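> Here it is, the structure, as structure tokens.
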Amino acid sequence: MSSSTSGVVARLAEQLDPIRITPVDAVALEERAAALAGRSVKRQTKAALLDLAIRCMDLTTLEGADTPGKVRAMCAKAMRPDPSDPTAPPVAAVCVYPELVATAVEALGDSGVGIASVAGAFPAGLSSLDVRVRDIAWAVEQGATEIDIVLNRSAFLSGEFGRAFDEIVASKAACGTAHLKVILETGELGGYDAVRRASMLAMAAGADFVKTSTGKVGVNATLPTALCMAEAIRDFEDQTGRIVGLKVAGGIRTAKQSWQYLVVVYETLGARWLTPDLFRLGASSLLNDVLMQRRKLATGAYQRLDDFTID
Amino acid sequence: MTRPVPVPASPDLAVTGIEYAPAPESTDIVHLRDRYDLWIDGRWVAPADGGRMTTVNPATEEPLAEFAVAGAADVDAAVAAARAAFHDRWAPLAPSERAKYLYRIARILQERSREFAVLETLDGGKPIKESRDVDLPLAAAHLFHHAGWADKLEYAFPGRRPRPLGVVGQVIPWNFPLLMAAWKLAPALATGNTVVLKPAETTPLTALLLAEVFEEAGLPPGVVNIVTGAGETGAALVAHPGVDKVAFTGSTDVGKQIQRTLAGTGRRLTLELGGKAANIVFEDAAIDQAVEGIVNGIYFNQGHVCCAGSRLLVQESVAELVVAKLLRRIQTLRVGDPLDKNTDVGAINSRPQLEKIHELVAAGVAEGATMHQSACPLPERGLFFPPTVFTDVAQSHRVAREEIFGPVLSVLTFRTAEEAVTKANNTSYGLSAGIWTEKGSRILWMADRMKAGVVWANTFNRFDPVSPFGGYKESGFGREGGLHGLEPYLHLEGAW
């Protein structure tokens with residue numbers, strides 16, 4: 001880290017102090033999330049939400065066993081999720097490790113599907129900042145259009161907010177034109193107050209998106225957590241005028257979950273956020289359930305599981 | 001992001017927003033009769049002088065059913081049936097057997113909860129998600145809770161030989177018709193009394209459906225009698241010399257009349273009346289959740305709630321922020337068909353109530369307060385009123401002092417905790433209060449000083465049969481729920 005401690009303090013005073021971070025009441029937050037989960041969506045609305053869920057999806061594979069073959073297969077699915085139905089839109093992006101970015105670039109061509117990569121010593125992020133920044137820069141060089149990094153929870157949880165902040169600033173600089181998503185790993189933060197604080201910190205440091213989870217820990221995205229982050233995003237816009245996106249990831253497997261997240265985003269942030277530019281669903285197995293529900297709506301019947309490709 | 005966005009096959013929700021398709025709960029489950037008689041001594045009895053009224057669906061103003069208007073002779077018959085049942089059947093019964101009836105009634109209510117929820121919404125106008133998720137579960141919970149007390153009264157009041165009073169006359173309001181019936185019936189029956197119940201004239205149907213539940217449960221005839229009608233029926237009941245105790249929930253005006261009627265008679269009385277509760281938000285509160293609590297506090301059941309948080313007291317340092325967030329939030333409230341599962345705010349219960357709301361809102365504007373209303377579309381027919389907020393309100397304004405009993409919130413500010421206490425208590429009512437702060441010691445300090453029967457911290461409108469509910473000052477006296485709620489229905493010997 002090149003900046004001095006006094007530099008950190010000065011920047012904090014300038015960038016964080018004017019930002020108000022309000023507490024979060026867990027009981028009321030969870031009640032509100034449960035109430036929104038009870039919204040009933042039907043027919044055309046459901047069809048539109050399912051298409052939007054696909055358009056907002058970051059189709060993800062993040063395993064040590066990922067190979068170019070696996071990534072190529074996933075990219076084919078990303079571009080044309082339902083080979084039997086050309087009206088099914090492509091997903092927003094694929095999400096892969098940096099080493100597989102080049103494979104994705106080649107496979108996706110000019111399809112318009114984005115390439116997100118988890119860079120910066122994912123999923124813990126506990127490597128030297130220098131290594132992390134170079135990891136990010138390399139992923140961008142390989143062709144990643146979006147970078148997903150993790151918040152330094154070690155710094156955040158030990159109260160070194162300035163360090164966590166500075167690292168995001170440095171990561172953002174390394175992204176160049178690629179968009180930066182900051183994963184808070186909310187399951188490790190210990191409560192909604194910390195989620196709210198971490199959201200504000202990441203946004204103030206320049207995140208284009210705040211994201212719930214890596215998918216690598218026990219507790220991933222939950223509806224109340226997404227609501228908590230959406231409220232932080234709304235508050236950040238109120239205070240700074242800057243618009244930040246939300247990505248929920250980890251454990252989202254059903255179409256119903258996907259439209260519940262979309263309802264939370266809509267009723268908290270408004271219609272403007274119902275676009276892949278400002279909302280993403282990170283998932284590996286969600287897509288087939290959405291496609292199944294989509295075809296159920298169109299045909300009135302559920303199809304066999306084998307009618308949907310496993311890639 | 002930097003990529004061409006594919007042309008969506010379906011409407012662009014970023015432009016249109018999510019338009020929830022109507023999701024109406026089916027009414028097939030409810031089988032309404034064309035006309036309802038009085039339920040006296042376990043039988044349906046036509047009113048002696050043939051009087052009838054019609055109850056309407058406030059969401060459409062279409063008639064639902066005719067019901068009987070009980071006259072003095074009918075009230076007489078009901079009280080006589082209750083008296084006979086008290087002596088012959090109910091008081092002599094082993095308390096554990098009384099409990100069995102209550103458990104059975106509670107279980108049947110749970111089994112038929114969808115039917116009751118739909119009927120409650122049809123007759124009263126409240127959103128189905130409230131009747132389904134609040135009224136019905138709470139009504140059953142009150143019956144279960146009091147069933148448990150029936151054979152434990154000696155333990156509840158050790159050494160005081162608890163005995164029932166006799167015949168209880170109960171007059172209930174239209175805002176929570178079934179839930180108030182359960183609040184009133186459960187403690188009365190558990191303690192060994194028999195009851196004549198008078199439901200409100202705009203919402204008699206769920207109480208009448210309850211008669212079917214009593215039949216199904218095999219409740220002995222005369223233990224509960226249901227007499228429908230308007231104010232005159234209620235007046236005849238509370239004035240009846242054969243009634244040993246009166247329990248009333250409703251307006252402060254009527255409560256005062258009843259108190260005058262009973263003065264000097266030696267007959268017992270509990271009153272649960274109006275309110276003008278303060279919802280107090282401190283600068284350190286969880287603001288976004290406090291806003292949800294404010295919305296719940298005043299727009300729950302269209303504000304037809306005696307303990308509604310109708311006065312928002314917000315600390316000046318965050319007043320602008322809280323009001324801005326609140327005004328944004330009320331735009332997203334969905335006002336409309338109460339049977340639609342997506343409806344947040346339903347229909348105003350009756351035309352006179354809607355007129356009263358209009359009158360008080362006009363007074364607020366005339367007195368110089370600033371009115372803000374949700375721009376949400378209202379249905380073309382039926383009785384509806386948009387969620388409304390008044391800012392620039394002074395303590396002296398009518399909208400800050402009088403109970404509006406509608407979806408209308410008055411916003412006032414305070415500087416210190418002492419001032420919040422002074423302003424919150426500066427009302428003729430004292431039913432409830434809400435405190436929003438992250439500081440535990442401040443919650444306790446405030447709660448000690450609130451002249452209100454119920455004080456909620458970081459929540460609002462939360463009910464539980466274990467927790468006694470009732471008011472200070474013109475909000476009434478006596479408690480309902482918990483151990484304290486048993487006392488008004490018992491003779492107790494000696495002092496504590």
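Here, A, B, ... name the chains of the structure tokens in the order displayed, residue numbers run from 1 inside each chain, and ligands are numbered from 1 in the same displayed order.
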According to DSSP computed on the backbone, where in range 300-423 of chain B is there strand (DSSP E)? Give the residues as a list in words.

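Going through range 300-423 of chain B, the strand (DSSP E) residues come out as Arg311, Leu312, Leu313, Val314, Gln315, Thr370, Met371, His372, Gln373, Thr388, Val389, Phe390, Thr391, Val408, Leu409, Ser410, Val411, Leu412, Thr413 and Phe414 of chain B.
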
> May I ask you to extract the residues of chain B within 10 Å of chain A, using only C-alpha atoms, and to give them as number ranges by chain?

B: 1-24, 129, 283-290, 292-293, 321, 325, 328-329, 332-333, 340-343, 436-438, 458-460

> Rounded to one decimal, what separation in Å do you get between CA of Gly69 in chain A and CA of Leu108 in chain A?

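CA of Leu108 in chain A lies 13.3 Å from CA of Gly69 in chain A.
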
> Can you list every residue in range 39-100 of chain A that DSSP puts in helix (DSSP H, G or I), as a short mmCIF file (atom, residue, chain, number, x, y, z; two decimals) with C-alpha atoms, in the first residue's frame?


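This went into part14.cif:
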data_model
loop_
_atom_site.label_atom_id
_atom_site.label_comp_id
_atom_site.auth_asym_id
_atom_site.auth_seq_id
_atom_site.Cartn_x
_atom_site.Cartn_y
_atom_site.Cartn_z
CA ARG A 43 -49.13 -14.91 -16.18
CA GLN A 44 -47.64 -12.05 -18.24
CA THR A 45 -45.89 -10.58 -15.22
CA LYS A 46 -44.38 -13.92 -14.38
CA ALA A 47 -43.31 -14.42 -18.00
CA ALA A 48 -41.65 -11.00 -18.05
CA LEU A 49 -39.93 -11.67 -14.72
CA LEU A 50 -38.60 -15.02 -15.91
CA ASP A 51 -37.14 -13.42 -19.05
CA LEU A 52 -35.69 -10.63 -16.95
CA ALA A 53 -34.15 -13.18 -14.58
CA ILE A 54 -32.37 -14.77 -17.54
CA ARG A 55 -31.26 -11.40 -18.90
CA PRO A 68 -11.91 -25.07 -21.11
CA GLY A 69 -14.38 -27.74 -22.21
CA LYS A 70 -16.69 -27.05 -19.29
CA VAL A 71 -16.51 -23.30 -19.87
CA ARG A 72 -17.17 -23.64 -23.62
CA ALA A 73 -20.28 -25.71 -22.89
CA MET A 74 -21.50 -23.13 -20.40
CA CYS A 75 -20.89 -20.31 -22.87
CA ALA A 76 -23.03 -22.09 -25.46
CA LYS A 77 -25.81 -22.29 -22.90
CA ALA A 78 -25.30 -18.64 -21.96
CA MET A 79 -25.83 -17.47 -25.53
CA PRO A 98 -9.30 -15.57 -14.60
CA GLU A 99 -7.50 -18.48 -16.22
CA LEU A 100 -10.63 -19.37 -18.17
#

> So that I can check the surroundings of Gly275 in chain B, please list as a list in words every protein, DNA and RNA residue that reaches within 8 Å of it, counting only C-alpha atoms and ignoring chain neighbours fewer than 5 positions away.

Cys306, Cys307, Ala308, Glu403, Tyr429, Gly430, Leu431, Ser432, Glu474 and Ser475 of chain B

> I want to know what sits within 12 Å of range 123-139 of chain A, based on only C-alpha atoms, with residues of the same chain fewer than 6 positions away left out; could you give that as a PyMOL selection string?

chain A and resi 1-2+62-64+95-105+115-117+145-155+163-164+166-185+188+213-217

> What separation in Å, quoted to one decimal, exists between CA of Gly250 in chain A and CA of Val219 in chain A?

8.2 Å

> What is the distance between CA of Ile404 in chain B and CA of Gly124 in chain B, in Å to one decimal?

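It comes out at 17.6 Å.
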
> A:Thr222, A:Val210, A:Asp289, A:Lys247: which is nearest Gln303 in chain A, counting only C-alpha atoms?

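The answer is A:Asp289, which sits nearest to Gln303 in chain A.
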
> Name the residues in contact with Gln331 in chain B at a cut-off of 12 Å, using only C-alpha atoms, excluding same-chain residues fewer than 4 positions from it; report them as a PyMOL selection string.

(chain A and resi 267-268+270) or (chain B and resi 295+324-327+335+344-345+372-377+386-389)

> With the cut-off set at 10 Å and counting only C-alpha atoms, tabulate each residue of range 218-265 of chain B with an atom at most that distance from an atom of range 44-54 of chain B, showing the nearest atom pair and its distance in Å to one decimal, ordered by chain and increasing number, as CSV.


residue,atom,partner,partner_atom,distance
B:Asn225,CA,B:Trp44,CA,9.9
B:Ile226,CA,B:Trp44,CA,9.6
B:Val227,CA,B:Pro47,CA,9.2
B:Thr228,CA,B:Met53,CA,9.3
B:Gly229,CA,B:Met53,CA,7.5
B:Ala230,CA,B:Met53,CA,8.8

> Those residues with C-alpha atoms, as a tab-separated table (two decimals), in the first residue's frame please?


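Full text of part-v5.tsv as output:
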chain	number	residue	atom	x	y	z
B	225	ASN	CA	-75.93	-15.78	22.19
B	226	ILE	CA	-75.46	-13.43	19.26
B	227	VAL	CA	-77.78	-10.46	18.82
B	228	THR	CA	-77.21	-8.26	15.79
B	229	GLY	CA	-78.36	-4.71	15.23
B	230	ALA	CA	-77.18	-1.13	15.52

> Using only C-alpha atoms, which residues sit within 9 Å of range 196-209 of chain B once same-chain residues fewer than 3 positions away are excluded, as a short mmCIF file (atom, residue, chain, number, x, y, z; two decimals) with N, CA and C atoms, in the first residue's frame?


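What follows is the written file part.cif:
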data_model
loop_
_atom_site.label_atom_id
_atom_site.label_comp_id
_atom_site.auth_asym_id
_atom_site.auth_seq_id
_atom_site.Cartn_x
_atom_site.Cartn_y
_atom_site.Cartn_z
N LEU B 32 -72.84 -17.63 1.74
CA LEU B 32 -73.67 -16.66 2.45
C LEU B 32 -75.14 -17.04 2.34
N TYR B 36 -79.93 -13.54 7.79
CA TYR B 36 -79.50 -14.17 9.04
C TYR B 36 -80.43 -13.75 10.16
N ASP B 37 -80.78 -14.74 11.00
CA ASP B 37 -81.59 -14.46 12.19
C ASP B 37 -80.66 -14.27 13.39
N LEU B 38 -81.26 -14.12 14.53
CA LEU B 38 -80.49 -13.99 15.77
C LEU B 38 -80.14 -15.40 16.26
N TRP B 39 -79.03 -15.52 16.96
CA TRP B 39 -78.66 -16.84 17.47
C TRP B 39 -78.83 -16.83 18.98
N ILE B 40 -79.94 -17.39 19.43
CA ILE B 40 -80.30 -17.34 20.84
C ILE B 40 -80.61 -18.75 21.33
N MET B 53 -81.65 -5.32 8.70
CA MET B 53 -80.69 -4.39 8.09
C MET B 53 -79.91 -5.17 7.03
N THR B 54 -79.18 -4.42 6.21
CA THR B 54 -78.38 -5.07 5.17
C THR B 54 -76.92 -4.71 5.38
N THR B 55 -76.06 -5.69 5.27
CA THR B 55 -74.63 -5.40 5.34
C THR B 55 -74.06 -5.44 3.93
N VAL B 56 -73.17 -4.49 3.64
CA VAL B 56 -72.64 -4.37 2.27
C VAL B 56 -71.14 -4.63 2.27
N ALA B 65 -75.79 -9.48 2.58
CA ALA B 65 -76.84 -10.27 3.22
C ALA B 65 -77.68 -9.36 4.11
N PHE B 67 -79.54 -9.02 7.81
CA PHE B 67 -79.43 -9.62 9.14
C PHE B 67 -80.49 -9.00 10.04
N VAL B 69 -82.38 -7.23 13.24
CA VAL B 69 -82.15 -6.18 14.23
C VAL B 69 -82.86 -6.61 15.51
N VAL B 75 -83.33 -9.05 23.04
CA VAL B 75 -82.22 -8.94 23.99
C VAL B 75 -82.61 -9.62 25.30
N ALA B 78 -82.30 -13.27 24.89
CA ALA B 78 -80.90 -13.70 24.84
C ALA B 78 -80.29 -13.70 26.24
N VAL B 79 -80.61 -12.67 27.02
CA VAL B 79 -80.07 -12.59 28.37
C VAL B 79 -80.65 -13.72 29.23
N ALA B 82 -78.91 -16.88 28.35
CA ALA B 82 -77.56 -16.89 28.92
C ALA B 82 -77.61 -17.17 30.41
N PHE B 116 -63.25 -17.98 6.96
CA PHE B 116 -63.44 -16.82 7.83
C PHE B 116 -62.68 -15.60 7.30
N ALA B 117 -61.47 -15.82 6.80
CA ALA B 117 -60.66 -14.69 6.31
C ALA B 117 -61.34 -14.02 5.12
N LEU B 119 -64.51 -14.08 4.34
CA LEU B 119 -65.75 -13.42 4.76
C LEU B 119 -65.43 -12.11 5.51
N GLU B 120 -64.38 -12.15 6.33
CA GLU B 120 -64.01 -10.93 7.07
C GLU B 120 -63.66 -9.81 6.10
N ASP B 123 -66.86 -8.50 4.20
CA ASP B 123 -67.81 -7.74 4.99
C ASP B 123 -67.20 -6.43 5.51
N GLY B 124 -65.87 -6.46 5.76
CA GLY B 124 -65.26 -5.31 6.42
C GLY B 124 -64.33 -4.48 5.56
N VAL B 167 -73.78 -13.46 33.66
CA VAL B 167 -74.03 -13.15 32.25
C VAL B 167 -73.25 -11.89 31.86
N VAL B 168 -72.53 -11.99 30.76
CA VAL B 168 -71.72 -10.87 30.29
C VAL B 168 -72.31 -10.35 28.98
N GLY B 169 -72.49 -9.04 28.90
CA GLY B 169 -72.90 -8.41 27.65
C GLY B 169 -71.68 -7.81 26.97
N GLN B 170 -71.44 -8.19 25.73
CA GLN B 170 -70.21 -7.74 25.03
C GLN B 170 -70.59 -7.06 23.72
N VAL B 171 -70.10 -5.86 23.56
CA VAL B 171 -70.39 -5.08 22.35
C VAL B 171 -69.06 -4.81 21.65
N ILE B 172 -68.97 -5.26 20.41
CA ILE B 172 -67.66 -5.21 19.73
C ILE B 172 -67.72 -4.35 18.47
N PRO B 173 -66.56 -3.88 18.03
CA PRO B 173 -66.50 -2.92 16.92
C PRO B 173 -66.35 -3.60 15.56
N TRP B 174 -66.27 -2.74 14.53
CA TRP B 174 -66.24 -3.24 13.15
C TRP B 174 -64.83 -3.34 12.57
N ASN B 175 -63.82 -2.93 13.32
CA ASN B 175 -62.48 -2.90 12.70
C ASN B 175 -61.79 -4.26 12.71
N PHE B 176 -62.03 -5.06 13.77
CA PHE B 176 -61.51 -6.43 13.82
C PHE B 176 -62.66 -7.33 14.29
N PRO B 177 -63.68 -7.51 13.46
CA PRO B 177 -64.93 -8.13 13.96
C PRO B 177 -64.72 -9.49 14.61
N LEU B 178 -64.03 -10.39 13.93
CA LEU B 178 -63.86 -11.72 14.49
C LEU B 178 -62.84 -11.72 15.63
N ALA B 181 -64.35 -10.46 18.70
CA ALA B 181 -65.25 -11.48 19.26
C ALA B 181 -64.43 -12.49 20.06
N LYS B 184 -63.14 -11.11 23.32
CA LYS B 184 -64.17 -10.94 24.34
C LYS B 184 -64.66 -12.30 24.83
N LEU B 185 -64.94 -13.22 23.89
CA LEU B 185 -65.54 -14.50 24.28
C LEU B 185 -64.57 -15.38 25.06
N GLU B 212 -72.01 -21.04 13.73
CA GLU B 212 -71.90 -22.37 13.11
C GLU B 212 -70.78 -23.17 13.77
N VAL B 213 -69.69 -22.46 14.11
CA VAL B 213 -68.57 -23.13 14.77
C VAL B 213 -69.00 -23.64 16.15
N GLY B 222 -77.19 -21.51 24.66
CA GLY B 222 -77.30 -20.39 25.58
C GLY B 222 -75.99 -19.91 26.16
N VAL B 223 -74.91 -20.67 25.99
CA VAL B 223 -73.62 -20.24 26.55
C VAL B 223 -73.14 -18.99 25.82
N VAL B 224 -73.32 -18.98 24.49
CA VAL B 224 -73.07 -17.76 23.73
C VAL B 224 -74.33 -17.45 22.93
N ASN B 225 -74.78 -16.22 22.98
CA ASN B 225 -75.93 -15.78 22.19
C ASN B 225 -75.48 -14.57 21.38
N ILE B 226 -75.92 -14.52 20.13
CA ILE B 226 -75.46 -13.43 19.26
C ILE B 226 -76.67 -12.62 18.81
N VAL B 227 -76.69 -11.36 19.22
CA VAL B 227 -77.78 -10.46 18.82
C VAL B 227 -77.19 -9.37 17.94
N THR B 228 -77.71 -9.28 16.72
CA THR B 228 -77.21 -8.26 15.79
C THR B 228 -78.12 -7.04 15.83
N GLY B 229 -77.60 -5.95 15.26
CA GLY B 229 -78.36 -4.71 15.23
C GLY B 229 -77.42 -3.53 15.35
N ALA B 230 -78.00 -2.34 15.45
CA ALA B 230 -77.18 -1.13 15.52
C ALA B 230 -77.10 -0.64 16.96
N GLY B 231 -76.92 0.66 17.12
CA GLY B 231 -76.69 1.24 18.43
C GLY B 231 -77.79 0.95 19.45
N THR B 233 -79.68 -1.67 19.71
CA THR B 233 -79.54 -3.04 20.23
C THR B 233 -78.45 -3.08 21.30
N GLY B 234 -77.34 -2.42 20.99
CA GLY B 234 -76.24 -2.38 21.95
C GLY B 234 -76.66 -1.69 23.24
N LEU B 237 -78.77 -3.90 25.33
CA LEU B 237 -77.98 -4.96 25.97
C LEU B 237 -77.24 -4.44 27.20
N VAL B 243 -77.72 -8.34 32.99
CA VAL B 243 -76.32 -8.46 32.58
C VAL B 243 -75.42 -8.07 33.75
N ASN B 349 -64.31 1.15 5.90
CA ASN B 349 -65.35 0.22 6.33
C ASN B 349 -66.77 0.64 5.97
N SER B 350 -67.06 1.94 6.03
CA SER B 350 -68.44 2.37 5.76
C SER B 350 -68.43 3.80 5.22
#
